[in-house]
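Quick notes on the structure that follows.
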Amino acid sequence: ALKPDWNFPIILEIIIVSVIVGGVATAFVSKLFFNPIKKLRRAMDKVADGDFSVRLDPDESASGEIQELYSGFNLMTHELSTTEVLQTDFVSNVSHEFKTPINAIEGYATLLQDYENLTEQDKDEYINKILFNTRRLSNLVGNILILSKIDNQAITPQKALYRLDEQIRQAILLLEPEWIKKDIEFDVEMDDINYNGCENLMHHVWYNLIGNAIKFNPPSGMIKIRLSKKEGKVIFTIEDNGPGISEEAKKH
């Protein structure tokens, strides 16, 4: 009988080469696909634990899909970290803003307890201070409710055509007690502009902008207001003599 002519060294070479090629291919696929996924999973675990500072740097050899995935992840964590900072600042600022009028109300109410030893002038002054801070608290609550509704998109804007320049003048007049106390002057130049928008929400915009200009302006300062229309756009500018916004705050 004839014996088959097996060439074992050649078969072994083929097996060895196949194992090596398979190992290299597996390592390549793992580096190209599985390793970036593992890296992303570890980063996601950190985000789940509340660490929004984590960022992913894609390898230059990574595929376009992986680079795009990492870029999207970095954008997400950046937005989350910014939101966290804003929420922390918001809670801190709101707590401070509420604390001031509450302390004032408590203080003047305590003074009123000594009712018999107070003059009528003192009583009227303390009562007026309590009413002033009560209205201040009411305005704070109202502004927070508006922010909440806007944030949750619960407001359906009711747009109407109205005079924008007149609305801004009304906001200035409403704040008259504040700027008179600080002897602040206004330099106002506004074109007659009809605007189609949500009048109620825009009123809060002007009230806050002008109110902040008064708040941070030094006594006897100046507030410059300009309103114009150019190339189909409405341009509003407001300028005061205050310290301005810090570079750190501008990022937000």
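We name chains A, B, ... following the order of the structure tokens; residues begin at 1 in each chain, and ligands are numbered from 1 as shown.
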
Quiz prompt | 9 Å contact set for Phe52 of chain A, only C-alpha atoms, chain neighbours under 3 positions out, as a PyMOL selection string | solution = chain A and resi 46-49+55+76-81+84

Export of the given selection (N, CA, C and O atoms) as a PDB file, in the first residue's frame:
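Below is the file out30.pdb, written as the result:
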```pdb
ATOM      1  N   LYS A  46     -17.296  57.207  35.490  1.00  0.00           N
ATOM      2  CA  LYS A  46     -16.907  58.390  36.252  1.00  0.00           C
ATOM      3  C   LYS A  46     -18.000  59.459  36.204  1.00  0.00           C
ATOM      4  O   LYS A  46     -18.296  60.109  37.208  1.00  0.00           O
ATOM      5  N   VAL A  47     -18.593  59.620  35.011  1.00  0.00           N
ATOM      6  CA  VAL A  47     -19.680  60.594  34.871  1.00  0.00           C
ATOM      7  C   VAL A  47     -20.866  60.186  35.740  1.00  0.00           C
ATOM      8  O   VAL A  47     -21.496  61.017  36.395  1.00  0.00           O
ATOM      9  N   ALA A  48     -21.160  58.883  35.774  1.00  0.00           N
ATOM     10  CA  ALA A  48     -22.261  58.376  36.593  1.00  0.00           C
ATOM     11  C   ALA A  48     -22.027  58.647  38.077  1.00  0.00           C
ATOM     12  O   ALA A  48     -22.979  58.817  38.844  1.00  0.00           O
ATOM     13  N   ASP A  49     -20.745  58.703  38.474  1.00  0.00           N
ATOM     14  CA  ASP A  49     -20.390  58.994  39.869  1.00  0.00           C
ATOM     15  C   ASP A  49     -20.347  60.490  40.153  1.00  0.00           C
ATOM     16  O   ASP A  49     -19.996  60.910  41.263  1.00  0.00           O
ATOM     17  N   ARG A  55     -12.406  63.897  30.382  1.00  0.00           N
ATOM     18  CA  ARG A  55     -12.371  64.153  28.943  1.00  0.00           C
ATOM     19  C   ARG A  55     -11.640  63.001  28.262  1.00  0.00           C
ATOM     20  O   ARG A  55     -10.756  62.369  28.849  1.00  0.00           O
ATOM     21  N   MET A  76     -20.644  66.631  25.831  1.00  0.00           N
ATOM     22  CA  MET A  76     -21.654  66.315  26.846  1.00  0.00           C
ATOM     23  C   MET A  76     -21.142  66.630  28.253  1.00  0.00           C
ATOM     24  O   MET A  76     -21.821  67.291  29.040  1.00  0.00           O
ATOM     25  N   THR A  77     -19.914  66.167  28.570  1.00  0.00           N
ATOM     26  CA  THR A  77     -19.378  66.399  29.915  1.00  0.00           C
ATOM     27  C   THR A  77     -19.110  67.886  30.161  1.00  0.00           C
ATOM     28  O   THR A  77     -19.272  68.367  31.282  1.00  0.00           O
ATOM     29  N   HIS A  78     -18.712  68.603  29.099  1.00  0.00           N
ATOM     30  CA  HIS A  78     -18.502  70.053  29.239  1.00  0.00           C
ATOM     31  C   HIS A  78     -19.815  70.748  29.588  1.00  0.00           C
ATOM     32  O   HIS A  78     -19.860  71.596  30.491  1.00  0.00           O
ATOM     33  N   GLU A  79     -20.889  70.382  28.878  1.00  0.00           N
ATOM     34  CA  GLU A  79     -22.187  71.000  29.146  1.00  0.00           C
ATOM     35  C   GLU A  79     -22.694  70.630  30.537  1.00  0.00           C
ATOM     36  O   GLU A  79     -23.274  71.460  31.236  1.00  0.00           O
ATOM     37  N   LEU A  80     -22.468  69.369  30.941  1.00  0.00           N
ATOM     38  CA  LEU A  80     -22.899  68.938  32.269  1.00  0.00           C
ATOM     39  C   LEU A  80     -22.155  69.696  33.362  1.00  0.00           C
ATOM     40  O   LEU A  80     -22.759  70.106  34.363  1.00  0.00           O
ATOM     41  N   SER A  81     -20.839  69.883  33.177  1.00  0.00           N
ATOM     42  CA  SER A  81     -20.058  70.605  34.178  1.00  0.00           C
ATOM     43  C   SER A  81     -20.492  72.058  34.251  1.00  0.00           C
ATOM     44  O   SER A  81     -20.561  72.644  35.336  1.00  0.00           O
ATOM     45  N   GLU A  84     -23.786  72.213  36.078  1.00  0.00           N
ATOM     46  CA  GLU A  84     -23.587  72.012  37.514  1.00  0.00           C
ATOM     47  C   GLU A  84     -23.125  73.300  38.171  1.00  0.00           C
ATOM     48  O   GLU A  84     -23.608  73.678  39.253  1.00  0.00           O
TER      49      GLU A  84
END
```

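Using only C-alpha atoms, the contacts of Ser228 of chain A at a cut-off of 7 Å, with sequence neighbours closer than 5 positions omitted, comprise Met190, Asp191, Val234, Ile235 and Phe236 of chain A.
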
Those same residues - N, CA and C atoms - I'd like them written as a compact mmCIF listing (two decimals), in the first residue's frame.
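Output below, filename out-v4.txt:
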```txt
# COMPACT_ATOMS: atom_id res chain seq x y z
N MET A 190 -33.30 106.37 21.71
CA MET A 190 -33.98 105.19 21.18
C MET A 190 -34.84 105.56 19.97
N ASP A 191 -34.72 104.77 18.94
CA ASP A 191 -35.58 104.94 17.77
C ASP A 191 -36.97 104.40 18.08
N VAL A 234 -32.84 94.34 15.64
CA VAL A 234 -32.97 95.35 16.69
C VAL A 234 -31.73 95.28 17.57
N ILE A 235 -31.08 96.41 17.78
CA ILE A 235 -29.85 96.45 18.57
C ILE A 235 -30.09 97.28 19.83
N PHE A 236 -29.90 96.66 20.99
CA PHE A 236 -30.06 97.34 22.28
C PHE A 236 -28.73 97.28 23.01
```

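Scanning segment 168-211 of chain A with DSSP on the backbone, the strand (DSSP E or B) assignments fall on Glu185, Phe186, Asp187, Val188, Glu189, Met190, Asn194, Tyr195, Asn196, Gly197 and Cys198 of chain A.
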
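The interatomic distance for the pair atom CA of Ile130 of chain A and atom CA of Phe98 of chain A works out to 13.8 Å.
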
Exercise. Show which residues sit within 10 Å of Leu209 of chain A, as a VMD selection string. Count only C-alpha atoms, and ignore same-chain residues fewer than 4 positions away.
Key: chain A and resid 171 204 to 205 213 to 215 237 to 239

Please write the residues from the selection above to a file, keeping N, CA and C atoms, as a short mmCIF file (atom, residue, chain, number, x, y, z; two decimals), in the first residue's frame.
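After the write, result.cif holds the following:
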```cif
data_model
loop_
_atom_site.label_atom_id
_atom_site.label_comp_id
_atom_site.auth_asym_id
_atom_site.auth_seq_id
_atom_site.Cartn_x
_atom_site.Cartn_y
_atom_site.Cartn_z
N ALA A 171 -39.91 100.57 31.86
CA ALA A 171 -39.03 99.87 32.80
C ALA A 171 -38.17 100.87 33.57
N HIS A 204 -39.42 91.61 31.59
CA HIS A 204 -38.48 91.11 32.59
C HIS A 204 -37.03 91.27 32.13
N VAL A 205 -36.80 91.18 30.83
CA VAL A 205 -35.45 91.38 30.30
C VAL A 205 -34.97 92.79 30.61
N ALA A 213 -27.87 97.49 36.12
CA ALA A 213 -27.05 98.69 35.84
C ALA A 213 -27.16 99.68 36.99
N ILE A 214 -28.35 99.82 37.55
CA ILE A 214 -28.54 100.72 38.70
C ILE A 214 -27.84 100.15 39.93
N LYS A 215 -28.01 98.85 40.14
CA LYS A 215 -27.47 98.19 41.33
C LYS A 215 -25.95 98.29 41.42
N THR A 237 -28.26 98.42 23.51
CA THR A 237 -27.03 98.44 24.31
C THR A 237 -27.28 99.22 25.59
N ILE A 238 -26.65 98.78 26.66
CA ILE A 238 -26.75 99.47 27.94
C ILE A 238 -25.36 99.52 28.56
N GLU A 239 -24.98 100.67 29.07
CA GLU A 239 -23.64 100.87 29.60
C GLU A 239 -23.73 101.65 30.91
#
```

Quiz item: Residues at most 12 Å from Gln167 of chain A, counting only C-alpha atoms, excluding those fewer than 2 positions away in the same chain, as a list in words?
Solution: Leu161, Tyr162, Arg163, Leu164, Asp165, Arg169, Gln170, Ala171, Ile172, Leu173, Leu174, Met190, Asp192, Ile193, Asn194, Tyr195, Gly197, Cys198, Glu199, Asn200, Leu201, Met202, His203, His204, Val205, Trp206, Tyr207 and Leu227 of chain A

Write the residues of the selection above to a file with N, CA, C and O atoms, as a tab-separated table (two decimals), in the first residue's frame.
```
chain	number	residue	atom	x	y	z
A	161	LEU	N	-47.67	92.72	18.51
A	161	LEU	CA	-46.92	93.86	17.99
A	161	LEU	C	-47.05	95.02	18.98
A	161	LEU	O	-48.16	95.42	19.33
A	162	TYR	N	-45.93	95.55	19.44
A	162	TYR	CA	-45.97	96.65	20.39
A	162	TYR	C	-44.71	97.51	20.24
A	162	TYR	O	-43.75	97.11	19.59
A	163	ARG	N	-44.71	98.69	20.89
A	163	ARG	CA	-43.59	99.61	20.80
A	163	ARG	C	-42.51	99.21	21.81
A	163	ARG	O	-42.69	99.33	23.02
A	164	LEU	N	-41.38	98.78	21.30
A	164	LEU	CA	-40.29	98.32	22.15
A	164	LEU	C	-39.66	99.46	22.93
A	164	LEU	O	-39.33	99.33	24.12
A	165	ASP	N	-39.50	100.61	22.28
A	165	ASP	CA	-38.88	101.75	22.96
A	165	ASP	C	-39.72	102.25	24.12
A	165	ASP	O	-39.20	102.62	25.18
A	169	ARG	N	-38.82	102.49	28.21
A	169	ARG	CA	-39.05	103.71	29.00
A	169	ARG	C	-39.87	103.39	30.24
A	169	ARG	O	-39.62	103.93	31.34
A	170	GLN	N	-40.87	102.52	30.09
A	170	GLN	CA	-41.69	102.12	31.25
A	170	GLN	C	-40.85	101.42	32.30
A	170	GLN	O	-41.03	101.63	33.51
A	171	ALA	N	-39.91	100.57	31.86
A	171	ALA	CA	-39.03	99.87	32.80
A	171	ALA	C	-38.17	100.87	33.57
A	171	ALA	O	-37.94	100.72	34.78
A	172	ILE	N	-37.68	101.90	32.88
A	172	ILE	CA	-36.87	102.93	33.54
A	172	ILE	C	-37.70	103.66	34.59
A	172	ILE	O	-37.25	103.90	35.71
A	173	LEU	N	-38.95	103.99	34.24
A	173	LEU	CA	-39.82	104.71	35.18
A	173	LEU	C	-40.18	103.85	36.39
A	173	LEU	O	-40.25	104.34	37.51
A	174	LEU	N	-40.38	102.56	36.17
A	174	LEU	CA	-40.70	101.66	37.28
A	174	LEU	C	-39.55	101.57	38.29
A	174	LEU	O	-39.76	101.37	39.48
A	190	MET	N	-33.30	106.37	21.71
A	190	MET	CA	-33.98	105.19	21.18
A	190	MET	C	-34.84	105.56	19.97
A	190	MET	O	-35.57	106.55	20.01
A	192	ASP	N	-37.96	104.88	17.34
A	192	ASP	CA	-39.31	104.33	17.45
A	192	ASP	C	-39.32	102.96	16.77
A	192	ASP	O	-39.16	102.87	15.54
A	193	ILE	N	-39.51	101.92	17.55
A	193	ILE	CA	-39.42	100.57	16.99
A	193	ILE	C	-40.64	99.74	17.38
A	193	ILE	O	-40.94	99.58	18.57
A	194	ASN	N	-41.35	99.23	16.39
A	194	ASN	CA	-42.43	98.28	16.60
A	194	ASN	C	-41.83	96.87	16.59
A	194	ASN	O	-41.07	96.51	15.69
A	195	TYR	N	-42.19	96.09	17.59
A	195	TYR	CA	-41.60	94.75	17.74
A	195	TYR	C	-42.69	93.71	17.94
A	195	TYR	O	-43.65	93.92	18.70
A	197	GLY	N	-43.33	90.36	19.57
A	197	GLY	CA	-42.76	89.41	20.51
A	197	GLY	C	-43.62	89.24	21.74
A	197	GLY	O	-44.75	89.75	21.81
A	198	CYS	N	-43.10	88.49	22.73
A	198	CYS	CA	-43.83	88.26	23.98
A	198	CYS	C	-43.58	89.45	24.91
A	198	CYS	O	-42.52	89.55	25.53
A	199	GLU	N	-44.53	90.33	25.02
A	199	GLU	CA	-44.37	91.58	25.74
A	199	GLU	C	-44.06	91.35	27.22
A	199	GLU	O	-43.20	92.02	27.80
A	200	ASN	N	-44.72	90.39	27.85
A	200	ASN	CA	-44.54	90.15	29.28
A	200	ASN	C	-43.12	89.67	29.59
A	200	ASN	O	-42.48	90.16	30.53
A	201	LEU	N	-42.62	88.72	28.81
A	201	LEU	CA	-41.28	88.20	29.06
A	201	LEU	C	-40.21	89.24	28.76
A	201	LEU	O	-39.21	89.34	29.48
A	202	MET	N	-40.41	90.03	27.71
A	202	MET	CA	-39.43	91.06	27.37
A	202	MET	C	-39.36	92.14	28.45
A	202	MET	O	-38.31	92.73	28.70
A	203	HIS	N	-40.49	92.36	29.12
A	203	HIS	CA	-40.48	93.34	30.22
A	203	HIS	C	-39.48	92.91	31.29
A	203	HIS	O	-38.75	93.75	31.83
A	204	HIS	N	-39.42	91.61	31.59
A	204	HIS	CA	-38.48	91.11	32.59
A	204	HIS	C	-37.03	91.27	32.13
A	204	HIS	O	-36.13	91.47	32.95
A	205	VAL	N	-36.80	91.18	30.83
A	205	VAL	CA	-35.45	91.38	30.30
A	205	VAL	C	-34.97	92.79	30.61
A	205	VAL	O	-33.88	92.99	31.16
A	206	TRP	N	-35.80	93.78	30.25
A	206	TRP	CA	-35.38	95.18	30.46
A	206	TRP	C	-35.29	95.51	31.95
A	206	TRP	O	-34.38	96.22	32.38
A	207	TYR	N	-36.24	95.01	32.73
A	207	TYR	CA	-36.27	95.29	34.16
A	207	TYR	C	-34.99	94.77	34.83
A	207	TYR	O	-34.41	95.43	35.69
A	227	LEU	N	-31.07	102.23	21.50
A	227	LEU	CA	-31.93	101.25	20.81
A	227	LEU	C	-32.08	101.69	19.36
A	227	LEU	O	-32.47	102.81	19.07
```

Quiz prompt | DSSP alpha helix (DSSP H) residues within segment 37-231 of chain A, listed as a ChimeraX atom specification | solution = /A:37-48,64-112,120-151,164-174,176-181,199-216

Quiz item: For Thr100 of chain A, which of A:Asn133, A:Asn196, A:Asn143, A:Ser246 is the closest residue, counting only C-alpha atoms?
Solution: A:Asn133

Quiz item: If you count only C-alpha atoms, which residues fall within 8 Å of Phe216 of chain A, apart from same-chain ones fewer than 4 positions away, as a ChimeraX atom specification?
Solution: /A:212,242-243

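Checking A:Glu247, A:Asp57, A:Glu166, A:Glu189 one by one against Ile223 of chain A, counting only C-alpha atoms, you find the shortest gap at A:Glu189.
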
Got a sec: who's within 9 Å of Ala109 of chain A, counting only C-alpha atoms, leaving out chain neighbours fewer than 4 positions off, as a PDB file with N, CA, C and O atoms, in the first residue's frame?
```pdb
ATOM      1  N   ALA A 104     -34.126  91.347  57.153  1.00  0.00           N
ATOM      2  CA  ALA A 104     -34.617  92.719  57.351  1.00  0.00           C
ATOM      3  C   ALA A 104     -36.015  92.700  57.965  1.00  0.00           C
ATOM      4  O   ALA A 104     -36.308  93.464  58.903  1.00  0.00           O
ATOM      5  N   ILE A 105     -36.882  91.837  57.457  1.00  0.00           N
ATOM      6  CA  ILE A 105     -38.251  91.735  57.983  1.00  0.00           C
ATOM      7  C   ILE A 105     -38.217  91.323  59.456  1.00  0.00           C
ATOM      8  O   ILE A 105     -38.924  91.888  60.301  1.00  0.00           O
ATOM      9  N   GLN A 113     -41.824  95.212  68.202  1.00  0.00           N
ATOM     10  CA  GLN A 113     -42.346  94.605  69.433  1.00  0.00           C
ATOM     11  C   GLN A 113     -42.285  95.577  70.610  1.00  0.00           C
ATOM     12  O   GLN A 113     -43.079  95.492  71.546  1.00  0.00           O
ATOM     13  N   TYR A 126     -40.572 101.527  60.101  1.00  0.00           N
ATOM     14  CA  TYR A 126     -40.343 100.084  60.211  1.00  0.00           C
ATOM     15  C   TYR A 126     -41.379  99.302  59.405  1.00  0.00           C
ATOM     16  O   TYR A 126     -41.054  98.307  58.752  1.00  0.00           O
ATOM     17  N   ILE A 127     -42.621  99.764  59.433  1.00  0.00           N
ATOM     18  CA  ILE A 127     -43.677  99.087  58.667  1.00  0.00           C
ATOM     19  C   ILE A 127     -43.398  99.193  57.169  1.00  0.00           C
ATOM     20  O   ILE A 127     -43.559  98.221  56.417  1.00  0.00           O
ATOM     21  N   ILE A 130     -40.687  96.793  56.242  1.00  0.00           N
ATOM     22  CA  ILE A 130     -41.198  95.418  56.179  1.00  0.00           C
ATOM     23  C   ILE A 130     -41.971  95.198  54.886  1.00  0.00           C
ATOM     24  O   ILE A 130     -41.803  94.170  54.207  1.00  0.00           O
TER      25      ILE A 130
END
```

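Coordinates place atom CA of Pro177 of chain A at a distance of 17.8 Å from atom CA of Ser138 of chain A.
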